[in-house]
Structure formats: C-alpha cells, structure tokens
Amino acid sequence: MLNNITLGQYYPVDSVIHRLDPRMKICLTILMIICVFLCQNLTGFLLILLFVIGASRLSRVPFRVMMKGLKPLRFILILTFLLNLFFTSGTELFHVGFVVITREGLRQSIHYSLRLIFLVVSTSLMTLTTSPIALSDGLEMLLSPLKVIHFPAHELAMMMSIALRFIPTLLEETDKIMKAQKARGADFESGNLLNRAKAMIPLLVPLFVSAFRRAGDLAMAMEARCYHGGENRTRLRVLHISRNDFIALGAMLLLLVLIILVNIFVPKGLIL
Amino acid sequence: MSIELKQVTHIYSQGSAFERKALDHINLRIEDGEFIALCGHTGCGKSTLVQHLNGLLQPTEGQVLVNGEDINGEHVNRRMLRQSVGLVFQYPEYQLFEETVAKDIAFGPKNMGLDEAEIDQRVRRAMEHVHLDYQKYANSSPFDLSGGQMRRVAIAGVLAMEPSVLVLDEPTAGLDPRGRDRILGIVKDLHHEGATIIMVSHSMDDVASLATRMVVMVNGTIAKTGSCREIFKDHDLMKKAGLDIPSAARLCQELRSKGIHLPDDLYTQEELHEHIIRLWKEAKGC
C-alpha cells in the first residue's frame with residue numbers, strides 16, 4: 001500500500017526548463033500566479049494557456065504527468081464550478097425549473113475554475129522540473145535578505161532538505177515495521193475506526209522511536225563534521241543566473257504586460 | 001510442516017519505471033525438521049523469498065504451498081498461517097512497542113485470541129527459551145534493555161505464537177560475539193525441539209555448524225542447494241555467490257599449505273579441533 005506514494009514529484013529529464021535557476025523558477029511561478037489572478041477575460045486565459053503549453057513542451061514532461069496534479073483537486077473544481085454557477089445573482093440568462101443561471105454566475109464559475117486549474121498546473125510545472133534539493137536551495141537564497149531581521153533562512157532550508165531526505169527512509173521503515181507486526185498476527189485492515197486506530201499503536205511507537213534515534217544520529221554526525229549553521233558556508237552547487245533565465249523572465253514579463261493590456265483594451269464578450 | 005515453492009517469481013513495482021525482478025522462477029521444497037541456511041549476496045532476493053513463506057508478499061507468478069495448500073488461495077486464513085510460520089525480521093528489536101517486555105511478547109498470542117492464562121503460560125515459556133529471567137525482566141520496559149536483550153525479546157515475541165516453522169532473517173546482524181552465540185544457541189535448541197528452521201545468514205561459520213542444508217541464491221534464482229559440505233567444495237559457486245569459506249576451513253587450508261597433514265574438507269571449528277588434537281596426540285605418541 002505504500003509504494004504508490006510519490007513524494008516530491010520531480011520528473012527527472014533534461015530540458016531547458018529543468019536547467020533554469022531554481023531561484024528564477026520560484027520567481028517566475030510567483031509572477032505566473034499574479035498573471036492568473038489579474039486575468040479578467042477569456043482572451044487573457046487563452047494567452048496563459050498558450051504560455052503554459054509552450055513551457056510544458058519545452059520541459060519535456062509528458063502531458064499525462066502534468067495533469068496528475070489536477071486529479072486530487074477534481075472535487076474542489078467541480079464544487080467551485082457548480083457553486084458559482086448556481087449561487088451568483090445577476091442578469092438571468094435562462095432557467096430550468098427553479099434553478100436560475102445568471103450571466104455573472106456563468107462568468108465566475110468558468111473564470112474561477114480556470115484560475116484553479118492554471119494555478120495547479122503552473123506550480124506543478126515548477127515542482128516537476130526542479131528537484132526538491134534545488135528548490136530548497138533556491139528558497140534559501142531568496143529568503144536570505146531576510147536574515148537582516150533574524151529570519152533563519154538557512155536553518156529553514158536545511159530542515160526542509162533533511163525532511164525531504166528522510167521521507168523515503170521513513171516510508172520504507174513503516175513498511176518494514178508493518179510487515180513485522182503482521183507477522184505477529186497484527187491486523188491493520190479490518191475492524192471499525194476505533195479498532196483500526198488502536199491497531200496503529202504497534203506501528204507508530206516503533207516508528208517514532210526510530211525517527212528520534214535517526215534524528216539523534218544525524219545531529220551527532222553533523223556535529224562531528226563541524227556543522228554550525230549557515231555562516232561562511234560554501235556550497236557544492238553554486239547557482240548561476242544564465243542567459244536562458246533572462247529569456248524566461250522576459251517571456252513571463254511579456255505575458256504579464258499582455259494580460260494587463262488585454263484587461264484594459266479587449267472588451268468583455270457578451271457572455272464571458 | 002512442509003513448505004513448497006513452485007515457480008515463484010516476484011516483481012517489485014510492476015509496470016512502473018522502478019520495476020525490478022527480485023525472484024525468478026524459484027522452486028524449493030522444505031521438509032519438516034530441516035535447518036535450512038539461505039545464503040547469497042546482498043540483494044539476491046533472500047529477504048523477498050522469506051517474506052513469501054508466510055504470505056506477507058504474494059508471488060507475481062507461481063505458488064507457495066504449505067502442507068500442500070496454496071497459501072494465497074481464497075479460503076486461507078493468513079493470520080493462522082502467520083502463527084504457524086513465524087518470521088523474525090532483520091533487526092527485530094525495532095518492532096518493540098509495548099510498555100513492558102511481557103506485554104510485548106504477548107502481542108502475538110493476543111492476536112491469536114488465546115485466553116489470559118494461556119497467554120501468560122506462553123510468555124513465560126518464550127522468555128525461558130530466549131534465556132530471559134521472567135521475574136527480572138517481565139515488567140521492565142523493552143527500551144531499557146541492551147541491544148542483544150531487545151533482540152531476544154523480539155524473538156520471544158515470535159516464539160510465543162509457538163510456530164512450527166521459524167524463519168529468521170539474519171538474526172545475529174549487528175550483535176557482539178556473546179550476543180551472537182546466545183541467539184545461535186537459542187536457534188539450535190529450537191531445532192532440536194523439532195522446529196523447522198530457515199535462517200538467512202552471511203556467516204559461513206554459523207551455517208557450517210548449524211544447517212542441515214544450504215540454499216545458495218544468485219540474482220533472484222537458486223544457484224544450488226545441498227549439504228554445507230557439497231556447497232563449500234564448489235569453489236566456483238562460492239565465488240559467484242560472493243560467499244566466504246568458513247574461517248575453520250581457511251585456517252585448515254593455511255595449515256595444509258605449511259605441510260601439516262589435514263584433510264581438505266574440514267569446515268567447522270569442532271572438526272578442525274578434533275583433527276588437530278588427534279595429530280598432536282599422534283605426534284606426542286611418537
């Protein structure tokens with residue numbers, strides 16, 4: 001049951017997008033989110049769609065994998081669509097029985113759903129093309145100006161990297177302990193909710209014990225190698241902003257400007 | 001209780017990018033009362049194989065028969081099966097979770113639905129088997145014990161289900177020599193009492209002195225099964241499987257190369273002892 005959990009959805013292929021600087025990718029993603037929220041009409045969404053398709057083609061991540069991120073959201077998407085469709089007041093378009101569909105309702109429901117979809121797709125484009133380690137490196141560098149106000153940017157990034165590193169280990173451990181308890185006749189699958197919660201005790205206690213043991217060992221190993229936080233620390237992979245990063249930034253800014261222009265100059269359609 | 005594996009194949013994460021064949025058409029028959037040593041290089045499929053013996057893993061292809069019955073059939077009670085085929089994992093002390101030693105050992109029997117008196121009896125018997133004093137340890141926390149003691153508690157937790165087949169995955173890994181001898185002594189006693197033992201081991205010394213039959217695995221297949229003597233003689237196989245010869249045999253080889261007259265098929269400490277003492281007595285007699 002544990003082998004279908006994939007964490008950090010990094011899709012390891014080599015592409016222009018993969019090679020972008022993680023700092024730049026985080027910034028681009030934030031800009032993309034701004035675009036998605038600024039966008040007020042369908043022409044704008046069409047531009048965003050073209051941009052996302054272009055970027056995903058460049059990233060060489062299969063379309064199927066990209067869409068995976070939407071799957072857990074399908075109920076929220078449907079709910080958003082229906083709620084906005086049925087419960088927004090405004091000019092009536094038509095009605096079926098007592099259900100009234102308004103022009104504003106139709107507009108909002110389509111816009112909100114599109115925003116959600118683009119939010120998820122564009123952020124997962126980032127996580128699919130950036131390894132978790134690169135991501136936390138990038139985050140650390142972006143947050144480091146905040147060190148002036150004693151924000152622990154390095155520590156935060158280090159904790160993130162450690163957490164990510166140990167997730168597969170703990171999953172493996174869970175699987176092992178689960179099997180060991182099953183071999184002693186434990187039953188994790190049947191019974192009511194209370195019984196099942198109780199059945200987790202033989203799994204959780206050893207798991208916590210070993211997590212604490214590992215944490216202690218790791219701390220010891222880090223101390224033994226003279227780790228003492230971020231001060232004066234050099235890195236193995238030094239991040240460089242390259243020409244491609246600026247091209248990507250340019251493209252993104254262009255999109256932002258276009259969205260704003262479209263908002264101002266392109267009239268809203270009769271319905272949408 | 002006999003166990004038979006028929007054309008067992010196991011593939012991990014089938015259909016994904018991480019697909020890996022761990023077992024490849026394994027055929028093996030284990031008779032009642034045998035002491036099988038399962039040997040092979042790390043990653044050759046030993047651990048995967050032992051997890052098939054009590055249905056923790058299901059074969060991708062093939063059958064596992066216990067007493068002639070397919071254990072992955074529809075009407076088989078897996079919990080009953082896991083009580084008769086006891087499995088002690090690698091580093092079993094990491095599975096301890098209860099407040100007291102006695103409660104932890106009682107976990108298995110409790111899951112079998114036995115009554116209090118019977119559970120208590122079994123806990124006492126199991127602790128006796130692993131040489132842990134009931135009076136002294138029953139009410140202490142398992143997390144206060146030493147590593148070797150914790151392992152013995154974990155083994156007792158499996159023994160308390162009184163399985164007729166006991167499978168141990170590297171039971172001595174990471175223990176000091178004393179702890180190791182203790183565990184091996186326990187396993188040996190259990191075998192004498194009639195249990196069928198299947199033990200995964202990297203230590204050829206242990207294997208040579210205990211096992212009635214060796215099963216050597218290479219890359220998910222069984223390369224050879226036979227008596228320890230037969231296997232140790234097969235130098236090509238030993239090399240292919242990445243196994244060392246027992247230290248007694250190595251010492252024997254060295255002595256022979258120094259011109260001392262010893263036979264070339266001495267594999268256990270006891271055998272070597274006997275021969276050296278005999279030689280010494282003969283020399284003294286002269």
# chains A, B, ... in the order shown; residues from 1 in each chain; ligands from 1

call {"tool": "residues_around", "arguments": {"residues": "A:Thr43", "least_positions_apart": "3", "cutoff": "9 Å", "atoms": "only C-alpha atoms", "output": "VMD selection string"}}
result
chain A and resid 39 to 40 46 to 48 259 262 to 263 266 268

call {"tool": "write_last_selection", "arguments": {"atoms": "C-alpha atoms", "output": "PDB file, in the first residue's frame"}}
result
ATOM      1  CA  CYS A  39      -6.605  37.910 -15.754  1.00  0.00           C
ATOM      2  CA  GLN A  40     -10.188  39.105 -16.250  1.00  0.00           C
ATOM      3  CA  LEU A  46      -6.122  31.861 -23.788  1.00  0.00           C
ATOM      4  CA  LEU A  47      -2.744  33.638 -23.601  1.00  0.00           C
ATOM      5  CA  ILE A  48      -1.959  31.891 -20.306  1.00  0.00           C
ATOM      6  CA  ILE A 259      -2.618  40.268 -19.672  1.00  0.00           C
ATOM      7  CA  VAL A 262      -5.967  42.651 -22.644  1.00  0.00           C
ATOM      8  CA  ASN A 263      -7.759  43.554 -19.417  1.00  0.00           C
ATOM      9  CA  VAL A 266     -10.190  43.918 -25.111  1.00  0.00           C
ATOM     10  CA  LYS A 268     -15.502  41.591 -22.300  1.00  0.00           C
TER      11      LYS A 268
END

call {"tool": "interface_residues", "arguments": {"of": "chain B", "to": "chain A", "cutoff": "9 Å", "atoms": "only C-alpha atoms", "output": "list in words"}}
result
Ser13, Gln51, Asn54, Leu56, Arg78, Arg79, Met80, Arg82, Gln83, Val85, Gly86, Leu87, Val88, Phe89, Pro92, Tyr94, Gln95, Leu96, Phe97, Glu98, Phe107, Gly108, Pro109, Lys110, Asn111, Met112, Gly157, Val158 and Met161 of chain B

call {"tool": "write_last_selection", "arguments": {"atoms": "N, CA and C atoms", "output": "PDB file, in the first residue's frame"}}
result
ATOM      1  N   SER B  13       7.126  -3.336  -7.899  1.00  0.00           N
ATOM      2  CA  SER B  13       6.605  -2.166  -8.637  1.00  0.00           C
ATOM      3  C   SER B  13       6.388  -2.491 -10.111  1.00  0.00           C
ATOM      4  N   GLN B  51       9.803 -13.578   2.878  1.00  0.00           N
ATOM      5  CA  GLN B  51       8.507 -12.936   3.090  1.00  0.00           C
ATOM      6  C   GLN B  51       7.373 -13.620   2.328  1.00  0.00           C
ATOM      7  N   ASN B  54       5.285 -16.755   4.592  1.00  0.00           N
ATOM      8  CA  ASN B  54       4.069 -16.623   5.400  1.00  0.00           C
ATOM      9  C   ASN B  54       3.069 -15.647   4.785  1.00  0.00           C
ATOM     10  N   LEU B  56       3.361 -12.646   3.504  1.00  0.00           N
ATOM     11  CA  LEU B  56       3.483 -11.189   3.605  1.00  0.00           C
ATOM     12  C   LEU B  56       3.636 -10.576   2.222  1.00  0.00           C
ATOM     13  N   ARG B  78      -4.894 -16.079   6.606  1.00  0.00           N
ATOM     14  CA  ARG B  78      -3.496 -15.641   6.651  1.00  0.00           C
ATOM     15  C   ARG B  78      -2.981 -15.528   8.076  1.00  0.00           C
ATOM     16  N   ARG B  79      -3.861 -15.102   8.982  1.00  0.00           N
ATOM     17  CA  ARG B  79      -3.391 -14.941  10.358  1.00  0.00           C
ATOM     18  C   ARG B  79      -3.012 -16.279  10.958  1.00  0.00           C
ATOM     19  N   MET B  80      -3.806 -17.303  10.668  1.00  0.00           N
ATOM     20  CA  MET B  80      -3.470 -18.649  11.144  1.00  0.00           C
ATOM     21  C   MET B  80      -2.121 -19.071  10.575  1.00  0.00           C
ATOM     22  N   ARG B  82       0.331 -17.182   9.607  1.00  0.00           N
ATOM     23  CA  ARG B  82       1.460 -16.454  10.175  1.00  0.00           C
ATOM     24  C   ARG B  82       1.797 -16.940  11.580  1.00  0.00           C
ATOM     25  N   GLN B  83       0.818 -17.612  12.230  1.00  0.00           N
ATOM     26  CA  GLN B  83       1.129 -18.195  13.532  1.00  0.00           C
ATOM     27  C   GLN B  83       1.907 -19.489  13.389  1.00  0.00           C
ATOM     28  N   VAL B  85       3.863 -20.249  10.676  1.00  0.00           N
ATOM     29  CA  VAL B  85       5.163 -19.928  10.101  1.00  0.00           C
ATOM     30  C   VAL B  85       5.617 -18.600  10.715  1.00  0.00           C
ATOM     31  N   GLY B  86       6.449 -18.690  11.742  1.00  0.00           N
ATOM     32  CA  GLY B  86       6.892 -17.476  12.431  1.00  0.00           C
ATOM     33  C   GLY B  86       8.036 -16.829  11.693  1.00  0.00           C
ATOM     34  N   LEU B  87       7.972 -15.511  11.539  1.00  0.00           N
ATOM     35  CA  LEU B  87       9.024 -14.816  10.799  1.00  0.00           C
ATOM     36  C   LEU B  87       9.680 -13.768  11.694  1.00  0.00           C
ATOM     37  N   VAL B  88      10.982 -13.899  11.894  1.00  0.00           N
ATOM     38  CA  VAL B  88      11.742 -12.898  12.652  1.00  0.00           C
ATOM     39  C   VAL B  88      12.518 -12.066  11.651  1.00  0.00           C
ATOM     40  N   PHE B  89      12.169 -10.780  11.566  1.00  0.00           N
ATOM     41  CA  PHE B  89      12.802  -9.904  10.587  1.00  0.00           C
ATOM     42  C   PHE B  89      14.221  -9.535  10.991  1.00  0.00           C
ATOM     43  N   PRO B  92      14.979  -7.220  14.543  1.00  0.00           N
ATOM     44  CA  PRO B  92      13.582  -7.277  15.006  1.00  0.00           C
ATOM     45  C   PRO B  92      13.330  -6.397  16.219  1.00  0.00           C
ATOM     46  N   TYR B  94      13.517  -3.404  16.449  1.00  0.00           N
ATOM     47  CA  TYR B  94      12.853  -2.159  16.059  1.00  0.00           C
ATOM     48  C   TYR B  94      11.342  -2.298  15.995  1.00  0.00           C
ATOM     49  N   GLN B  95      10.821  -3.480  16.260  1.00  0.00           N
ATOM     50  CA  GLN B  95       9.374  -3.641  16.208  1.00  0.00           C
ATOM     51  C   GLN B  95       8.755  -3.586  17.611  1.00  0.00           C
ATOM     52  N   LEU B  96       9.595  -3.501  18.660  1.00  0.00           N
ATOM     53  CA  LEU B  96       9.068  -3.482  20.025  1.00  0.00           C
ATOM     54  C   LEU B  96       8.298  -2.187  20.258  1.00  0.00           C
ATOM     55  N   PHE B  97       7.184  -2.282  20.975  1.00  0.00           N
ATOM     56  CA  PHE B  97       6.397  -1.064  21.173  1.00  0.00           C
ATOM     57  C   PHE B  97       5.705  -0.989  22.522  1.00  0.00           C
ATOM     58  N   GLU B  98       5.594  -2.110  23.254  1.00  0.00           N
ATOM     59  CA  GLU B  98       4.783  -2.088  24.471  1.00  0.00           C
ATOM     60  C   GLU B  98       5.539  -1.495  25.659  1.00  0.00           C
ATOM     61  N   PHE B 107       1.863  -9.836  22.529  1.00  0.00           N
ATOM     62  CA  PHE B 107       1.153  -9.251  21.389  1.00  0.00           C
ATOM     63  C   PHE B 107       0.703 -10.301  20.373  1.00  0.00           C
ATOM     64  N   GLY B 108       1.627 -11.207  20.006  1.00  0.00           N
ATOM     65  CA  GLY B 108       1.297 -12.261  19.043  1.00  0.00           C
ATOM     66  C   GLY B 108       0.191 -13.176  19.550  1.00  0.00           C
ATOM     67  N   PRO B 109       0.389 -13.806  20.731  1.00  0.00           N
ATOM     68  CA  PRO B 109      -0.641 -14.703  21.262  1.00  0.00           C
ATOM     69  C   PRO B 109      -1.990 -14.004  21.440  1.00  0.00           C
ATOM     70  N   LYS B 110      -1.961 -12.732  21.814  1.00  0.00           N
ATOM     71  CA  LYS B 110      -3.211 -11.977  21.983  1.00  0.00           C
ATOM     72  C   LYS B 110      -3.943 -11.880  20.650  1.00  0.00           C
ATOM     73  N   ASN B 111      -3.177 -11.623  19.599  1.00  0.00           N
ATOM     74  CA  ASN B 111      -3.787 -11.544  18.284  1.00  0.00           C
ATOM     75  C   ASN B 111      -4.371 -12.882  17.849  1.00  0.00           C
ATOM     76  N   MET B 112      -3.877 -13.970  18.452  1.00  0.00           N
ATOM     77  CA  MET B 112      -4.415 -15.294  18.122  1.00  0.00           C
ATOM     78  C   MET B 112      -5.721 -15.536  18.850  1.00  0.00           C
ATOM     79  N   GLY B 157       8.837 -12.747  21.127  1.00  0.00           N
ATOM     80  CA  GLY B 157       7.533 -12.309  20.639  1.00  0.00           C
ATOM     81  C   GLY B 157       7.019 -13.175  19.509  1.00  0.00           C
ATOM     82  N   VAL B 158       7.933 -13.695  18.700  1.00  0.00           N
ATOM     83  CA  VAL B 158       7.518 -14.605  17.623  1.00  0.00           C
ATOM     84  C   VAL B 158       7.350 -16.028  18.169  1.00  0.00           C
ATOM     85  N   MET B 161       4.062 -17.390  19.735  1.00  0.00           N
ATOM     86  CA  MET B 161       2.969 -17.905  18.902  1.00  0.00           C
ATOM     87  C   MET B 161       3.148 -19.400  18.650  1.00  0.00           C
TER      88      MET B 161
END

call {"tool": "residues_around", "arguments": {"residues": "A:Ser161", "least_positions_apart": "3", "cutoff": "7 Å", "atoms": "only C-alpha atoms", "output": "ChimeraX atom specification"}}
result
/A:133,136,157-158,164-165

call {"tool": "residues_around", "arguments": {"residues": "B:Met204", "least_positions_apart": "3", "cutoff": "7 Å", "atoms": "only C-alpha atoms", "output": "PyMOL selection string"}}
result
chain B and resi 207-208+244-246

call {"tool": "select_by_dssp", "arguments": {"residues": "stretch 171-260 of chain B", "states": "strand (DSSP E)", "output": "list in words"}}
result
Thr196, Ile197, Ile198, Met199, Val200, Arg213, Met214, Val215, Val216, Met217, Val218, Thr221, Ile222, Ala223, Lys224, Thr225 and Gly226 of chain B

call {"tool": "select_by_dssp", "arguments": {"residues": "stretch 73-194 of chain B", "states": "alpha helix (DSSP H)", "output": "PyMOL selection string"}}
result
chain B and resi 78-84+101-111+116-129+134-137+147-159+177-192

call {"tool": "residues_around", "arguments": {"residues": "stretch 93-107 of chain A", "least_positions_apart": "2", "cutoff": "12 Å", "atoms": "only C-alpha atoms", "output": "MDAnalysis selection string"}}
result
chainID A and resid 40:42 80:91 109:114 268:272

call {"tool": "atom_distance", "arguments": {"atom1": "atom CA of B:Gly185", "atom2": "atom CA of B:Leu38"}}
result
18.1 Å

call {"tool": "residues_around", "arguments": {"residues": "B:Gly242", "least_positions_apart": "5", "cutoff": "9 Å", "atoms": "only C-alpha atoms", "output": "list in words"}}
result
Gly40, His41, Val218 and Leu237 of chain B

call {"tool": "atom_distance", "arguments": {"atom1": "atom CA of A:Ala215", "atom2": "atom CA of A:Ser131"}}
result
23.1 Å

call {"tool": "closest_residue", "arguments": {"among": "B:Leu132, B:Leu145, B:Ile26, B:Met199", "to": "B:Leu5", "atoms": "only C-alpha atoms"}}
result
B:Ile26

call {"tool": "atom_distance", "arguments": {"atom1": "atom CA of B:Glu274", "atom2": "atom CA of B:Leu255"}}
result
14.5 Å

call {"tool": "closest_residue", "arguments": {"among": "A:Phe63, A:Phe51, A:Ser242, A:Val148", "to": "A:Leu254", "atoms": "only C-alpha atoms"}}
result
A:Phe51
